[in-house]
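J.: One structure coming up, written as structure tokens, with questions to follow.
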Amino acid sequence: MNPMLLADVTLEALLTPYVNNLPISAGTLSALIHVALLAGFFGLPAGIFIWAERKVSARIQDRLGPTRTGGKFGWLQSLADGVKLVQKEDLVPKSADSLLFRVAPYIVVAASLSAYLVLPFTENWSALGLDVGLFFLLALMALEVLGVIFAGYSSGSKWALYGSMRESAQMVSYEIPMGMCALVPIVFAGSLDLNHVVRSQISTYADFQATGCPPFLNWYCFNLIGLVAFLCYFTCATASCKRAPFDLAEAESELVAGFLTEYSGMRWSFFFLAEYASMFLVSGVATALFLGGWDDGFGILTGLKASGPALGFVATLLGAVIFMSKASILVCVQIWVRWTLPRIRIDQVMTACLKYMVPIACAVFLAAAVYPLVAATAVGRPHLLPTSPIGERAQQH
């Protein structure tokens, strides 16, 4: 399949009659609309999870958290924080490289936002449908480290430089096992297209009645190899998002604020906007790869889609709610871990990656490649469960 904006399938046909006399094509306009929707959604999780982190951390520490701004539960606290940051003065240190210092936050935000292009929120609801969707997403996520390096190097501060060097070493190291673990579902499904990976995990209620195997057992996290890959991936993803106990780049007890030391106002907020958006992004990727994506796990949505177009559209909307709920639960786990575990030393961070995460990732990747062959020899099919999708596409070829 050629790269294609899935928005064009519906929006371009809808807009064509109205743009004949305009100096812009329907395809370009539909792409701009889709990007605007993604940009709006990009900031939404950040605001929600900033509020959630305040409330979750308060509950863990036996506090109340926000209780005044926006009502009893402080719903508007994130908005109030944004208004405060807009009013702060935007300072650039005298010794800083002005151009790189100003550009760095936008590189981080652009890398995180661009990765949302291939994230499948529900069936056929991704901005860009690519056969190499996972590789495209991982490549864009890797660009975020450039903004961090520019921020530390251009600040003219040794604390910022130390923080950026720590972060670059950490992110580059943890991307290796994270990418290898993300390839395990790719091996199982036989495709790099995230939409296809999710579809390969979906089973119907009719399959459940015929085999007695619940549909959610087709999710790759319920396979032993997939479970280990999921846990390793999620650990590495937490480290790549600079979250505690891996937040050595911003260690305030050692480096003041790390690569953020010289930033203030909106430029400072852009880094945190990208961090919380990246938390939801890596959680969304984990949902698509290991947790069935938009599938409810009981065959309800597949039944609704088979009942007609109207119920099919309802099922699509419910799928988006299910996908975002799963990803949000994983974000809450990251928040929970941050406020539960103490920060570890930088040498322990690198040791955990090189001595443990990388060997585990290599082992599960090898096991994922060998498992279909062993199962085919033992039971005559590339999987053990009667409705499992593992290896089916490879077997067809």
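The way I read the labels, and the way they are meant: chains A, B, ... in the order of the structure tokens, residue 1 as the first residue of every chain, and ligand 1 as the first ligand shown, with later ones counted on from there.
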Which residues of segment 99-191 of chain A have any atom within 12 Å of an atom in segment 306-322 of chain A when counting only C-alpha atoms, and what is the closest pair of atoms for each, with the distance in Å to one decimal? Order the rows by chain and rising number and write it as a Markdown table.
T.:
```
| residue | atom | partner | partner_atom | distance |
| --- | --- | --- | --- | --- |
| A:Leu119 | CA | A:Ala320 | CA | 11.4 |
| A:Pro120 | CA | A:Ala320 | CA | 8.8 |
| A:Phe121 | CA | A:Ala320 | CA | 5.3 |
| A:Thr122 | CA | A:Ala320 | CA | 4.8 |
| A:Glu123 | CA | A:Thr316 | CA | 6.5 |
| A:Asn124 | CA | A:Thr316 | CA | 8.9 |
| A:Trp125 | CA | A:Ala320 | CA | 8.5 |
| A:Ser126 | CA | A:Ala320 | CA | 10.9 |
```
J.: List every residue of segment 56-100 of chain A that has an atom at most 10 Å from any atom of segment 340-363 of chain A, and for each one report the closest atom pair and its distance in Å to one decimal, counting only C-alpha atoms, with rows sorted by chain and then by increasing residue number, as a Markdown table.
T.:
```
| residue | atom | partner | partner_atom | distance |
| --- | --- | --- | --- | --- |
| A:Ser57 | CA | A:Thr340 | CA | 8.9 |
| A:Ile60 | CA | A:Thr340 | CA | 7.9 |
| A:Gln61 | CA | A:Thr340 | CA | 9.5 |
```
J.: Atoms to include: all heavy atoms. Write the selected residues as a PDB file, in the first residue's frame.
T.:
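Below is the file again_38.pdb, written as the result:
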```
ATOM      1  N   SER A  57      -0.430  11.755  42.674  1.00  0.00           N
ATOM      2  CA  SER A  57       0.688  11.945  43.602  1.00  0.00           C
ATOM      3  C   SER A  57       0.196  12.406  44.972  1.00  0.00           C
ATOM      4  O   SER A  57       0.735  12.019  46.007  1.00  0.00           O
ATOM      5  CB  SER A  57       1.687  12.961  43.030  1.00  0.00           C
ATOM      6  OG  SER A  57       1.078  14.236  42.873  1.00  0.00           O
ATOM      7  N   ILE A  60      -1.183   9.372  46.797  1.00  0.00           N
ATOM      8  CA  ILE A  60      -0.091   8.501  47.260  1.00  0.00           C
ATOM      9  C   ILE A  60       0.582   9.093  48.490  1.00  0.00           C
ATOM     10  O   ILE A  60       0.968   8.362  49.416  1.00  0.00           O
ATOM     11  CB  ILE A  60       0.926   8.284  46.119  1.00  0.00           C
ATOM     12  CG1 ILE A  60       0.298   7.408  45.022  1.00  0.00           C
ATOM     13  CG2 ILE A  60       2.198   7.621  46.638  1.00  0.00           C
ATOM     14  CD1 ILE A  60       1.163   7.259  43.797  1.00  0.00           C
ATOM     15  N   GLN A  61       0.716  10.421  48.529  1.00  0.00           N
ATOM     16  CA  GLN A  61       1.393  11.090  49.640  1.00  0.00           C
ATOM     17  C   GLN A  61       0.421  11.585  50.712  1.00  0.00           C
ATOM     18  O   GLN A  61       0.781  12.397  51.551  1.00  0.00           O
ATOM     19  CB  GLN A  61       2.208  12.269  49.099  1.00  0.00           C
ATOM     20  CG  GLN A  61       3.316  11.844  48.155  1.00  0.00           C
ATOM     21  CD  GLN A  61       4.075  13.016  47.574  1.00  0.00           C
ATOM     22  OE1 GLN A  61       3.607  14.152  47.601  1.00  0.00           O
ATOM     23  NE2 GLN A  61       5.265  12.753  47.051  1.00  0.00           N
TER      24      GLN A  61
END
```
J.: List every residue of segment 191-377 of chain A that DSSP, applied to the backbone of this structure, assigns to helix (DSSP H, G or I), and report them as a ChimeraX atom specification.
T.: /A:194-200,205-211,215-218,220-222,224-240,248-250,252-255,258-260,265-290,300-305,309-338,346-377
J.: Tell me which of A:Ala115, A:Leu64, A:Ala288, A:Leu140 sits closest to Ala189 of chain A, counting only C-alpha atoms.
T.: A:Ala288
J.: Counting only C-alpha atoms, which residue out of A:Phe136, A:Ser191, A:Ser240, A:Met266 sits closest to Tyr174 of chain A?
T.: A:Ser240
J.: So how far away is atom CA of Phe270 of chain A from atom CA of Tyr106 of chain A, in Å?
T.: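 Atom-to-atom, atom CA of Tyr106 of chain A and atom CA of Phe270 of chain A are spaced 7.4 Å apart.
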J.: Between A:Ser78, A:Thr261, A:Ser155, A:Ser200, which is the closest to Leu289 of chain A once you count only C-alpha atoms?
T.: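 The shortest atom-to-atom distance to Leu289 of chain A comes from A:Ser200.
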J.: One decimal, in Å: what's the spacing between atom CA of Phe272 of chain A and atom CA of Leu130 of chain A?
T.: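 Distance between the two atoms: 28.7 Å.
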J.: Which is closest to Gly152 of chain A among A:Leu138, A:Ile329, A:Val86, A:Leu100, if we use only C-alpha atoms?
T.: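 Answer, going by the shortest atom-to-atom distance: A:Leu100.
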J.: Leaving out Thr69 of chain A and any residue of its chain fewer than 3 positions from it, which residues lie within 12 Å of it when counting only C-alpha atoms, given as a PDB file with all heavy atoms, in the first residue's frame?
T.:
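Written file, out13.pdb:
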```pdb
ATOM      1  N   TRP A  51      -3.049  17.179  35.300  1.00  0.00           N
ATOM      2  CA  TRP A  51      -3.996  17.203  36.430  1.00  0.00           C
ATOM      3  C   TRP A  51      -4.011  15.847  37.136  1.00  0.00           C
ATOM      4  O   TRP A  51      -3.994  15.788  38.377  1.00  0.00           O
ATOM      5  CB  TRP A  51      -5.396  17.540  35.914  1.00  0.00           C
ATOM      6  CG  TRP A  51      -6.462  17.370  36.954  1.00  0.00           C
ATOM      7  CD1 TRP A  51      -6.850  18.278  37.896  1.00  0.00           C
ATOM      8  CD2 TRP A  51      -7.263  16.204  37.169  1.00  0.00           C
ATOM      9  NE1 TRP A  51      -7.840  17.746  38.688  1.00  0.00           N
ATOM     10  CE2 TRP A  51      -8.115  16.470  38.264  1.00  0.00           C
ATOM     11  CE3 TRP A  51      -7.338  14.953  36.540  1.00  0.00           C
ATOM     12  CZ2 TRP A  51      -9.027  15.534  38.736  1.00  0.00           C
ATOM     13  CZ3 TRP A  51      -8.246  14.028  37.015  1.00  0.00           C
ATOM     14  CH2 TRP A  51      -9.086  14.321  38.091  1.00  0.00           C
ATOM     15  N   GLY A  65      -4.174  17.517  46.825  1.00  0.00           N
ATOM     16  CA  GLY A  65      -3.919  17.978  45.473  1.00  0.00           C
ATOM     17  C   GLY A  65      -4.789  19.185  45.133  1.00  0.00           C
ATOM     18  O   GLY A  65      -5.350  19.833  46.025  1.00  0.00           O
ATOM     19  N   PRO A  66      -4.956  19.510  43.839  1.00  0.00           N
ATOM     20  CA  PRO A  66      -5.782  20.669  43.453  1.00  0.00           C
ATOM     21  C   PRO A  66      -7.230  20.499  43.919  1.00  0.00           C
ATOM     22  O   PRO A  66      -7.859  19.471  43.646  1.00  0.00           O
ATOM     23  CB  PRO A  66      -5.696  20.662  41.917  1.00  0.00           C
ATOM     24  CG  PRO A  66      -4.459  19.888  41.596  1.00  0.00           C
ATOM     25  CD  PRO A  66      -4.327  18.862  42.677  1.00  0.00           C
ATOM     26  N   LYS A  72     -14.383  21.490  42.977  1.00  0.00           N
ATOM     27  CA  LYS A  72     -13.915  20.699  44.106  1.00  0.00           C
ATOM     28  C   LYS A  72     -12.674  19.873  43.775  1.00  0.00           C
ATOM     29  O   LYS A  72     -11.806  19.678  44.620  1.00  0.00           O
ATOM     30  CB  LYS A  72     -15.045  19.780  44.561  1.00  0.00           C
ATOM     31  CG  LYS A  72     -14.683  18.876  45.714  1.00  0.00           C
ATOM     32  CD  LYS A  72     -15.850  18.005  46.122  1.00  0.00           C
ATOM     33  CE  LYS A  72     -15.473  17.055  47.262  1.00  0.00           C
ATOM     34  NZ  LYS A  72     -16.611  16.180  47.635  1.00  0.00           N
ATOM     35  N   PHE A  73     -12.582  19.373  42.528  1.00  0.00           N
ATOM     36  CA  PHE A  73     -11.476  18.494  42.160  1.00  0.00           C
ATOM     37  C   PHE A  73     -10.382  19.202  41.367  1.00  0.00           C
ATOM     38  O   PHE A  73      -9.478  18.552  40.853  1.00  0.00           O
ATOM     39  CB  PHE A  73     -12.009  17.303  41.363  1.00  0.00           C
ATOM     40  CG  PHE A  73     -12.966  16.456  42.137  1.00  0.00           C
ATOM     41  CD1 PHE A  73     -14.328  16.560  41.926  1.00  0.00           C
ATOM     42  CD2 PHE A  73     -12.509  15.565  43.097  1.00  0.00           C
ATOM     43  CE1 PHE A  73     -15.217  15.785  42.633  1.00  0.00           C
ATOM     44  CE2 PHE A  73     -13.396  14.787  43.820  1.00  0.00           C
ATOM     45  CZ  PHE A  73     -14.755  14.886  43.595  1.00  0.00           C
ATOM     46  N   GLY A  74     -10.468  20.522  41.241  1.00  0.00           N
ATOM     47  CA  GLY A  74      -9.411  21.270  40.565  1.00  0.00           C
ATOM     48  C   GLY A  74      -9.279  20.960  39.089  1.00  0.00           C
ATOM     49  O   GLY A  74      -8.174  20.868  38.559  1.00  0.00           O
ATOM     50  N   TRP A  75     -10.430  20.818  38.387  1.00  0.00           N
ATOM     51  CA  TRP A  75     -10.396  20.400  36.987  1.00  0.00           C
ATOM     52  C   TRP A  75      -9.618  21.377  36.103  1.00  0.00           C
ATOM     53  O   TRP A  75      -9.052  20.968  35.084  1.00  0.00           O
ATOM     54  CB  TRP A  75     -11.823  20.272  36.446  1.00  0.00           C
ATOM     55  CG  TRP A  75     -12.685  19.293  37.177  1.00  0.00           C
ATOM     56  CD1 TRP A  75     -13.733  19.560  38.002  1.00  0.00           C
ATOM     57  CD2 TRP A  75     -12.563  17.861  37.166  1.00  0.00           C
ATOM     58  NE1 TRP A  75     -14.280  18.405  38.494  1.00  0.00           N
ATOM     59  CE2 TRP A  75     -13.586  17.333  38.001  1.00  0.00           C
ATOM     60  CE3 TRP A  75     -11.697  16.972  36.527  1.00  0.00           C
ATOM     61  CZ2 TRP A  75     -13.752  15.974  38.207  1.00  0.00           C
ATOM     62  CZ3 TRP A  75     -11.859  15.621  36.724  1.00  0.00           C
ATOM     63  CH2 TRP A  75     -12.880  15.124  37.556  1.00  0.00           C
ATOM     64  N   LEU A  76      -9.591  22.655  36.432  1.00  0.00           N
ATOM     65  CA  LEU A  76      -8.975  23.663  35.568  1.00  0.00           C
ATOM     66  C   LEU A  76      -7.550  24.006  35.980  1.00  0.00           C
ATOM     67  O   LEU A  76      -7.010  25.025  35.552  1.00  0.00           O
ATOM     68  CB  LEU A  76      -9.830  24.938  35.564  1.00  0.00           C
ATOM     69  CG  LEU A  76     -11.254  24.789  35.015  1.00  0.00           C
ATOM     70  CD1 LEU A  76     -11.987  26.121  35.059  1.00  0.00           C
ATOM     71  CD2 LEU A  76     -11.225  24.241  33.598  1.00  0.00           C
ATOM     72  N   GLN A  77      -6.930  23.173  36.795  1.00  0.00           N
ATOM     73  CA  GLN A  77      -5.581  23.457  37.270  1.00  0.00           C
ATOM     74  C   GLN A  77      -4.584  23.534  36.115  1.00  0.00           C
ATOM     75  O   GLN A  77      -3.716  24.413  36.084  1.00  0.00           O
ATOM     76  CB  GLN A  77      -5.136  22.395  38.267  1.00  0.00           C
ATOM     77  CG  GLN A  77      -3.791  22.675  38.917  1.00  0.00           C
ATOM     78  CD  GLN A  77      -3.801  23.943  39.741  1.00  0.00           C
ATOM     79  OE1 GLN A  77      -4.671  24.137  40.573  1.00  0.00           O
ATOM     80  NE2 GLN A  77      -2.837  24.827  39.498  1.00  0.00           N
ATOM     81  N   SER A  78      -4.694  22.617  35.151  1.00  0.00           N
ATOM     82  CA  SER A  78      -3.766  22.627  34.007  1.00  0.00           C
ATOM     83  C   SER A  78      -3.942  23.891  33.179  1.00  0.00           C
ATOM     84  O   SER A  78      -2.962  24.475  32.698  1.00  0.00           O
ATOM     85  CB  SER A  78      -3.995  21.387  33.139  1.00  0.00           C
ATOM     86  OG  SER A  78      -3.724  20.206  33.864  1.00  0.00           O
ATOM     87  N   LEU A  79      -5.195  24.328  32.991  1.00  0.00           N
ATOM     88  CA  LEU A  79      -5.438  25.564  32.254  1.00  0.00           C
ATOM     89  C   LEU A  79      -4.852  26.761  32.992  1.00  0.00           C
ATOM     90  O   LEU A  79      -4.248  27.656  32.385  1.00  0.00           O
ATOM     91  CB  LEU A  79      -6.945  25.751  32.040  1.00  0.00           C
ATOM     92  CG  LEU A  79      -7.372  27.019  31.305  1.00  0.00           C
ATOM     93  CD1 LEU A  79      -6.796  27.040  29.894  1.00  0.00           C
ATOM     94  CD2 LEU A  79      -8.896  27.129  31.256  1.00  0.00           C
ATOM     95  N   ALA A  80      -5.007  26.787  34.311  1.00  0.00           N
ATOM     96  CA  ALA A  80      -4.433  27.873  35.113  1.00  0.00           C
ATOM     97  C   ALA A  80      -2.908  27.878  35.013  1.00  0.00           C
ATOM     98  O   ALA A  80      -2.284  28.945  34.928  1.00  0.00           O
ATOM     99  CB  ALA A  80      -4.870  27.732  36.571  1.00  0.00           C
ATOM    100  N   ASP A  81      -2.303  26.691  35.013  1.00  0.00           N
ATOM    101  CA  ASP A  81      -0.845  26.609  34.844  1.00  0.00           C
ATOM    102  C   ASP A  81      -0.428  27.177  33.495  1.00  0.00           C
ATOM    103  O   ASP A  81       0.583  27.891  33.387  1.00  0.00           O
ATOM    104  CB  ASP A  81      -0.389  25.153  34.956  1.00  0.00           C
ATOM    105  CG  ASP A  81      -0.496  24.628  36.375  1.00  0.00           C
ATOM    106  OD1 ASP A  81      -0.579  25.447  37.315  1.00  0.00           O
ATOM    107  OD2 ASP A  81      -0.507  23.394  36.554  1.00  0.00           O
TER     108      ASP A  81
END
```
J.: I'd like the neighbourhood of Gly293 of chain A as JSON, numbers by chain, where a residue qualifies if any of its atoms comes within 6 Å (using only C-alpha atoms), though same-chain residues fewer than 2 positions away should be ignored.
T.: {"A": [198, 287, 288, 291, 295, 323]}
